[in-house]
Number of protein chains: 2
Amino acid sequence: MEIAFEKSGGLVPAIIQDSRTDKVLMLGFMNAEALAETQRTRQAVFFSRSRNRLWRKGESSGHVLRVLEIRIDCDADALLLRVEPLGPGVCHQGYSSCFFRRIDGSGSVRTIEERTFDPAKVYAPGAE
Amino acid sequence: MEIAFEKSGGLVPAIIQDSRTDKVLMLGFMNAEALAETQRTRQAVFFSRSRNRLWRKGESSGHVLRVLEIRIDCDADALLLRVEPLGPGVCHQGYSSCFFRRIDGSGSVRTIEERTFDPAKVYAPGAE
């Protein structure tokens with residue numbers, strides 16, 4: 001399977017969806033190495049653009065993502081991972097999903113979910 | 001709301017999720033203009049990297065995406081659009097979702113969904 005990593009500088013977006021609830025939890029990027037690590041370990045591994053290195057989701061929080069299924073889109077330039085999230089949430093701000101805010105018609109942003117954990121108790125300062 | 005368009009050369013990934021079924025249908029990219037057009041018309045408008053122009057989903061097929069909700073992630077660099085898809089599917093290959101293939105453990109790819117329409121009857125050659 002040829003995946004079109006070269007389209008976006010070696011990275012493809014990977015959508016993370018909870019396999020039990022179908023909730024979209026987050027979006028990360030993977031290079032070929034991150035995808036290979038994800039396939040090998042069955043835990044989601046991303047490439048962090050800000051830290052310029054591989055990053056196993058949950059490496060600091062313990063909230064790893066067990067990967068049940070990897071799908072690829074028609075153009076082979078985006079991935080969809082169906083996962084079982086371990087822990088109360090994937091977002092470093094304390095929510096089950098990183099998509100906890102809505103943009104309304106006027107362009108303002110509103111938080112529409114409740115926190116599921118206290119990030120100060122899970123993350124060291126600056127982590128994840 | 002400041003969206004981090006500059007992180008990926010002016011484009012942010014936009015996940016498209018069916019609001020009725022929670023199925024992930026596709027992933028597109030938006031620049032600021034595409035997002036503004038999406039907000040104005042309440043139909044999904046992307047920036048096509050291959051054609052280097054704005055692209056209203058459904059402009060050739062009629063399968064437009066009615067946008068019910070736009071969410072933004074914690075880092076403001078990815079969007080999640082909850083939509084009502086008009087028509088039998090979003091994929092130019094004839095499937096309800098572009099993610100109709102699974103990558104298995106050995107890296108081979110298998111189609112795991114049924115076609116919902118005949119793309120030859122919907123798309124002109126080379127369209128969408």
# chains A, B, ... in the order shown; residues from 1 in each chain; ligands from 1
$ select_by_dssp --residues "chain B" --states "alpha helix (DSSP H)" --output "ChimeraX atom specification"
/B:32-41,119-122
$ write_last_selection --atoms "all heavy atoms" --output "short mmCIF file (atom, residue, chain, number, x, y, z; two decimals), in the first residue's frame"
data_model
loop_
_atom_site.label_atom_id
_atom_site.label_comp_id
_atom_site.auth_asym_id
_atom_site.auth_seq_id
_atom_site.Cartn_x
_atom_site.Cartn_y
_atom_site.Cartn_z
N ALA B 32 -8.42 30.15 5.00
CA ALA B 32 -9.33 31.09 5.66
C ALA B 32 -10.53 31.41 4.78
O ALA B 32 -11.66 31.52 5.26
CB ALA B 32 -8.56 32.38 6.01
N GLU B 33 -10.29 31.51 3.48
CA GLU B 33 -11.38 31.84 2.56
C GLU B 33 -12.38 30.68 2.46
O GLU B 33 -13.60 30.93 2.42
CB GLU B 33 -10.76 32.14 1.18
CG GLU B 33 -11.73 32.76 0.20
CD GLU B 33 -11.09 32.93 -1.18
OE1 GLU B 33 -9.88 32.63 -1.34
OE2 GLU B 33 -11.82 33.34 -2.10
N ALA B 34 -11.89 29.47 2.42
CA ALA B 34 -12.79 28.30 2.36
C ALA B 34 -13.65 28.23 3.62
O ALA B 34 -14.86 27.95 3.55
CB ALA B 34 -11.98 27.02 2.19
N LEU B 35 -13.04 28.48 4.77
CA LEU B 35 -13.81 28.46 6.01
C LEU B 35 -14.86 29.56 6.02
O LEU B 35 -16.02 29.33 6.40
CB LEU B 35 -12.88 28.59 7.22
CG LEU B 35 -13.58 28.66 8.58
CD1 LEU B 35 -14.46 27.43 8.83
CD2 LEU B 35 -12.58 28.83 9.71
N ALA B 36 -14.48 30.75 5.56
CA ALA B 36 -15.44 31.86 5.51
C ALA B 36 -16.61 31.53 4.59
O ALA B 36 -17.78 31.79 4.91
CB ALA B 36 -14.73 33.14 5.06
N GLU B 37 -16.31 30.93 3.43
CA GLU B 37 -17.37 30.54 2.49
C GLU B 37 -18.26 29.45 3.10
O GLU B 37 -19.48 29.45 2.92
CB GLU B 37 -16.75 29.99 1.20
CG GLU B 37 -16.60 31.01 0.10
CD GLU B 37 -17.94 31.63 -0.30
OE1 GLU B 37 -18.72 30.98 -1.00
OE2 GLU B 37 -18.17 32.80 0.12
N THR B 38 -17.64 28.53 3.83
CA THR B 38 -18.40 27.48 4.51
C THR B 38 -19.34 28.10 5.53
O THR B 38 -20.52 27.73 5.63
CB THR B 38 -17.44 26.49 5.18
OG1 THR B 38 -16.64 25.86 4.17
CG2 THR B 38 -18.18 25.43 5.96
N GLN B 39 -18.83 29.06 6.28
CA GLN B 39 -19.67 29.68 7.32
C GLN B 39 -20.79 30.50 6.69
O GLN B 39 -21.92 30.51 7.17
CB GLN B 39 -18.81 30.58 8.21
CG GLN B 39 -17.87 29.76 9.10
CD GLN B 39 -16.94 30.63 9.91
OE1 GLN B 39 -16.16 31.40 9.36
NE2 GLN B 39 -17.00 30.51 11.23
N ARG B 40 -20.49 31.17 5.57
CA ARG B 40 -21.47 32.04 4.93
C ARG B 40 -22.60 31.22 4.31
O ARG B 40 -23.77 31.56 4.44
CB ARG B 40 -20.77 32.89 3.85
CG ARG B 40 -21.63 34.00 3.27
CD ARG B 40 -20.88 34.80 2.21
NE ARG B 40 -20.58 34.03 1.01
CZ ARG B 40 -21.46 33.78 0.04
NH1 ARG B 40 -22.69 34.25 0.12
NH2 ARG B 40 -21.11 33.06 -1.01
N THR B 41 -22.22 30.12 3.63
CA THR B 41 -23.21 29.36 2.86
C THR B 41 -23.77 28.16 3.62
O THR B 41 -24.74 27.56 3.19
CB THR B 41 -22.59 28.84 1.55
OG1 THR B 41 -21.53 27.92 1.86
CG2 THR B 41 -22.00 29.99 0.74
N PRO B 119 -20.36 5.83 -9.57
CA PRO B 119 -19.72 7.13 -9.83
C PRO B 119 -19.75 7.52 -11.31
O PRO B 119 -19.77 8.71 -11.62
CB PRO B 119 -18.28 6.93 -9.33
CG PRO B 119 -18.08 5.46 -9.22
CD PRO B 119 -19.43 4.86 -8.97
N ALA B 120 -19.79 6.54 -12.21
CA ALA B 120 -19.81 6.87 -13.65
C ALA B 120 -21.08 7.62 -14.03
O ALA B 120 -21.09 8.38 -15.00
CB ALA B 120 -19.69 5.59 -14.48
N LYS B 121 -22.14 7.41 -13.24
CA LYS B 121 -23.40 8.10 -13.54
C LYS B 121 -23.48 9.48 -12.91
O LYS B 121 -24.39 10.25 -13.19
CB LYS B 121 -24.58 7.25 -13.06
CG LYS B 121 -24.75 5.96 -13.84
CD LYS B 121 -26.03 5.23 -13.47
CE LYS B 121 -26.16 3.97 -14.31
NZ LYS B 121 -26.93 2.93 -13.63
N VAL B 122 -22.55 9.77 -12.02
CA VAL B 122 -22.63 11.01 -11.25
C VAL B 122 -21.55 12.01 -11.67
O VAL B 122 -21.80 13.21 -11.75
CB VAL B 122 -22.49 10.71 -9.74
CG1 VAL B 122 -22.32 11.98 -8.92
CG2 VAL B 122 -23.71 9.92 -9.26
#
$ closest_atom_pairs --of "chain A" --to "chain B" --cutoff "9 Å" --atoms "only C-alpha atoms" --output "CSV"
residue,atom,partner,partner_atom,distance
A:Met1,CA,B:Ser108,CA,6.1
A:Lys7,CA,B:Arg49,CA,8.9
A:Ser8,CA,B:Ser8,CA,8.4
A:Pro13,CA,B:Pro13,CA,7.5
A:Ile15,CA,B:Ile15,CA,7.6
A:Gln17,CA,B:Val24,CA,8.4
A:Thr21,CA,B:Asp22,CA,8.7
A:Asp22,CA,B:Asp22,CA,5.9
A:Lys23,CA,B:Asp22,CA,7.1
A:Val24,CA,B:Leu80,CA,8.2
A:Met26,CA,B:Asp73,CA,7.5
A:Leu27,CA,B:Ala78,CA,7.0
A:Gln39,CA,B:Gly105,CA,6.8
A:Arg40,CA,B:Gly105,CA,8.3
A:Arg49,CA,B:Lys7,CA,8.9
A:Glu69,CA,B:Arg102,CA,7.1
A:Ile70,CA,B:Ile103,CA,5.6
A:Arg71,CA,B:Arg102,CA,4.2
A:Ile72,CA,B:Phe99,CA,5.5
A:Asp73,CA,B:Phe99,CA,4.3
A:Cys74,CA,B:Cys98,CA,5.3
A:Asp75,CA,B:Cys98,CA,8.3
A:Ala78,CA,B:Leu27,CA,7.0
A:Leu79,CA,B:Phe99,CA,7.8
A:Leu80,CA,B:Phe99,CA,7.1
A:Cys91,CA,B:Cys74,CA,7.5
A:His92,CA,B:Cys74,CA,8.3
A:Gln93,CA,B:Cys74,CA,7.4
A:Ser97,CA,B:Asp73,CA,8.3
A:Cys98,CA,B:Asp73,CA,4.9
A:Phe99,CA,B:Asp73,CA,4.3
A:Phe100,CA,B:Asp73,CA,6.7
A:Arg101,CA,B:Arg71,CA,5.5
A:Arg102,CA,B:Arg71,CA,4.3
A:Ile103,CA,B:Ile70,CA,5.6
A:Asp104,CA,B:Ile70,CA,7.4
A:Gly105,CA,B:Gln39,CA,6.8
A:Ser106,CA,B:Gln39,CA,8.9
A:Gly107,CA,B:Met1,CA,6.5
A:Ser108,CA,B:Met1,CA,6.1
A:Val109,CA,B:Met1,CA,6.6
$ write_last_selection --atoms "C-alpha atoms" --output "PDB file, in the first residue's frame"
ATOM      1  CA  MET A   1       0.000   0.000   0.000  1.00  0.00           C
ATOM      2  CA  LYS A   7       1.711  15.376  -0.450  1.00  0.00           C
ATOM      3  CA  SER A   8       2.166  17.233   2.846  1.00  0.00           C
ATOM      4  CA  PRO A  13      -3.442  13.588   8.934  1.00  0.00           C
ATOM      5  CA  ILE A  15      -8.291  11.157  12.555  1.00  0.00           C
ATOM      6  CA  GLN A  17     -12.336   8.107  16.489  1.00  0.00           C
ATOM      7  CA  THR A  21     -19.051   6.003  20.848  1.00  0.00           C
ATOM      8  CA  ASP A  22     -17.962   7.080  17.330  1.00  0.00           C
ATOM      9  CA  LYS A  23     -16.899  10.399  18.843  1.00  0.00           C
ATOM     10  CA  VAL A  24     -14.028  12.109  17.028  1.00  0.00           C
ATOM     11  CA  MET A  26      -8.449  14.303  18.018  1.00  0.00           C
ATOM     12  CA  LEU A  27      -6.411  14.697  14.862  1.00  0.00           C
ATOM     13  CA  GLN A  39       0.918  -0.808  13.421  1.00  0.00           C
ATOM     14  CA  ARG A  40       3.635  -2.621  15.355  1.00  0.00           C
ATOM     15  CA  ARG A  49       5.303  18.989  14.355  1.00  0.00           C
ATOM     16  CA  GLU A  69      -8.660  -0.520  13.063  1.00  0.00           C
ATOM     17  CA  ILE A  70      -6.769   1.663  10.582  1.00  0.00           C
ATOM     18  CA  ARG A  71      -8.592   2.938   7.532  1.00  0.00           C
ATOM     19  CA  ILE A  72      -7.238   4.861   4.570  1.00  0.00           C
ATOM     20  CA  ASP A  73      -9.135   7.187   2.287  1.00  0.00           C
ATOM     21  CA  CYS A  74      -9.640   7.005  -1.469  1.00  0.00           C
ATOM     22  CA  ASP A  75      -6.649   9.230  -2.246  1.00  0.00           C
ATOM     23  CA  ALA A  78      -5.576  10.595   5.155  1.00  0.00           C
ATOM     24  CA  LEU A  79      -5.985   7.957   7.860  1.00  0.00           C
ATOM     25  CA  LEU A  80      -8.867   7.116  10.172  1.00  0.00           C
ATOM     26  CA  CYS A  91      -7.098  16.350  25.444  1.00  0.00           C
ATOM     27  CA  HIS A  92      -4.316  17.968  27.411  1.00  0.00           C
ATOM     28  CA  GLN A  93      -6.882  20.559  28.507  1.00  0.00           C
ATOM     29  CA  SER A  97     -12.117  15.079  22.915  1.00  0.00           C
ATOM     30  CA  CYS A  98      -9.907  17.890  21.666  1.00  0.00           C
ATOM     31  CA  PHE A  99     -12.935  19.195  19.734  1.00  0.00           C
ATOM     32  CA  PHE A 100     -14.694  20.606  22.784  1.00  0.00           C
ATOM     33  CA  ARG A 101     -15.386  24.045  21.302  1.00  0.00           C
ATOM     34  CA  ARG A 102     -17.891  25.192  18.712  1.00  0.00           C
ATOM     35  CA  ILE A 103     -17.458  28.130  16.339  1.00  0.00           C
ATOM     36  CA  ASP A 104     -20.782  29.904  16.096  1.00  0.00           C
ATOM     37  CA  GLY A 105     -22.171  31.931  13.197  1.00  0.00           C
ATOM     38  CA  SER A 106     -20.535  35.152  14.300  1.00  0.00           C
ATOM     39  CA  GLY A 107     -17.139  33.466  14.560  1.00  0.00           C
ATOM     40  CA  SER A 108     -16.974  33.406  18.338  1.00  0.00           C
ATOM     41  CA  VAL A 109     -16.008  30.208  20.096  1.00  0.00           C
TER      42      VAL A 109
END
$ closest_residue --among "B:Arg115, B:Arg20, B:Lys57, B:Arg66" --to "B:Gln43" --atoms "only C-alpha atoms"
B:Arg66
$ select_by_dssp --residues "stretch 7-122 of chain A" --states "strand (DSSP E)" --output "PyMOL selection string"
chain A and resi 12-18+24-30+45-48+53-56+65-72+79-85+101-103+109-111
$ closest_residue --among "A:Gly62, A:Leu54, A:Leu68, A:Tyr123" --to "A:Ile16" --atoms "only C-alpha atoms"
A:Leu68
$ closest_residue --among "A:Gly94, A:His63, A:Arg53, A:Pro85" --to "A:Asp18" --atoms "only C-alpha atoms"
A:Pro85
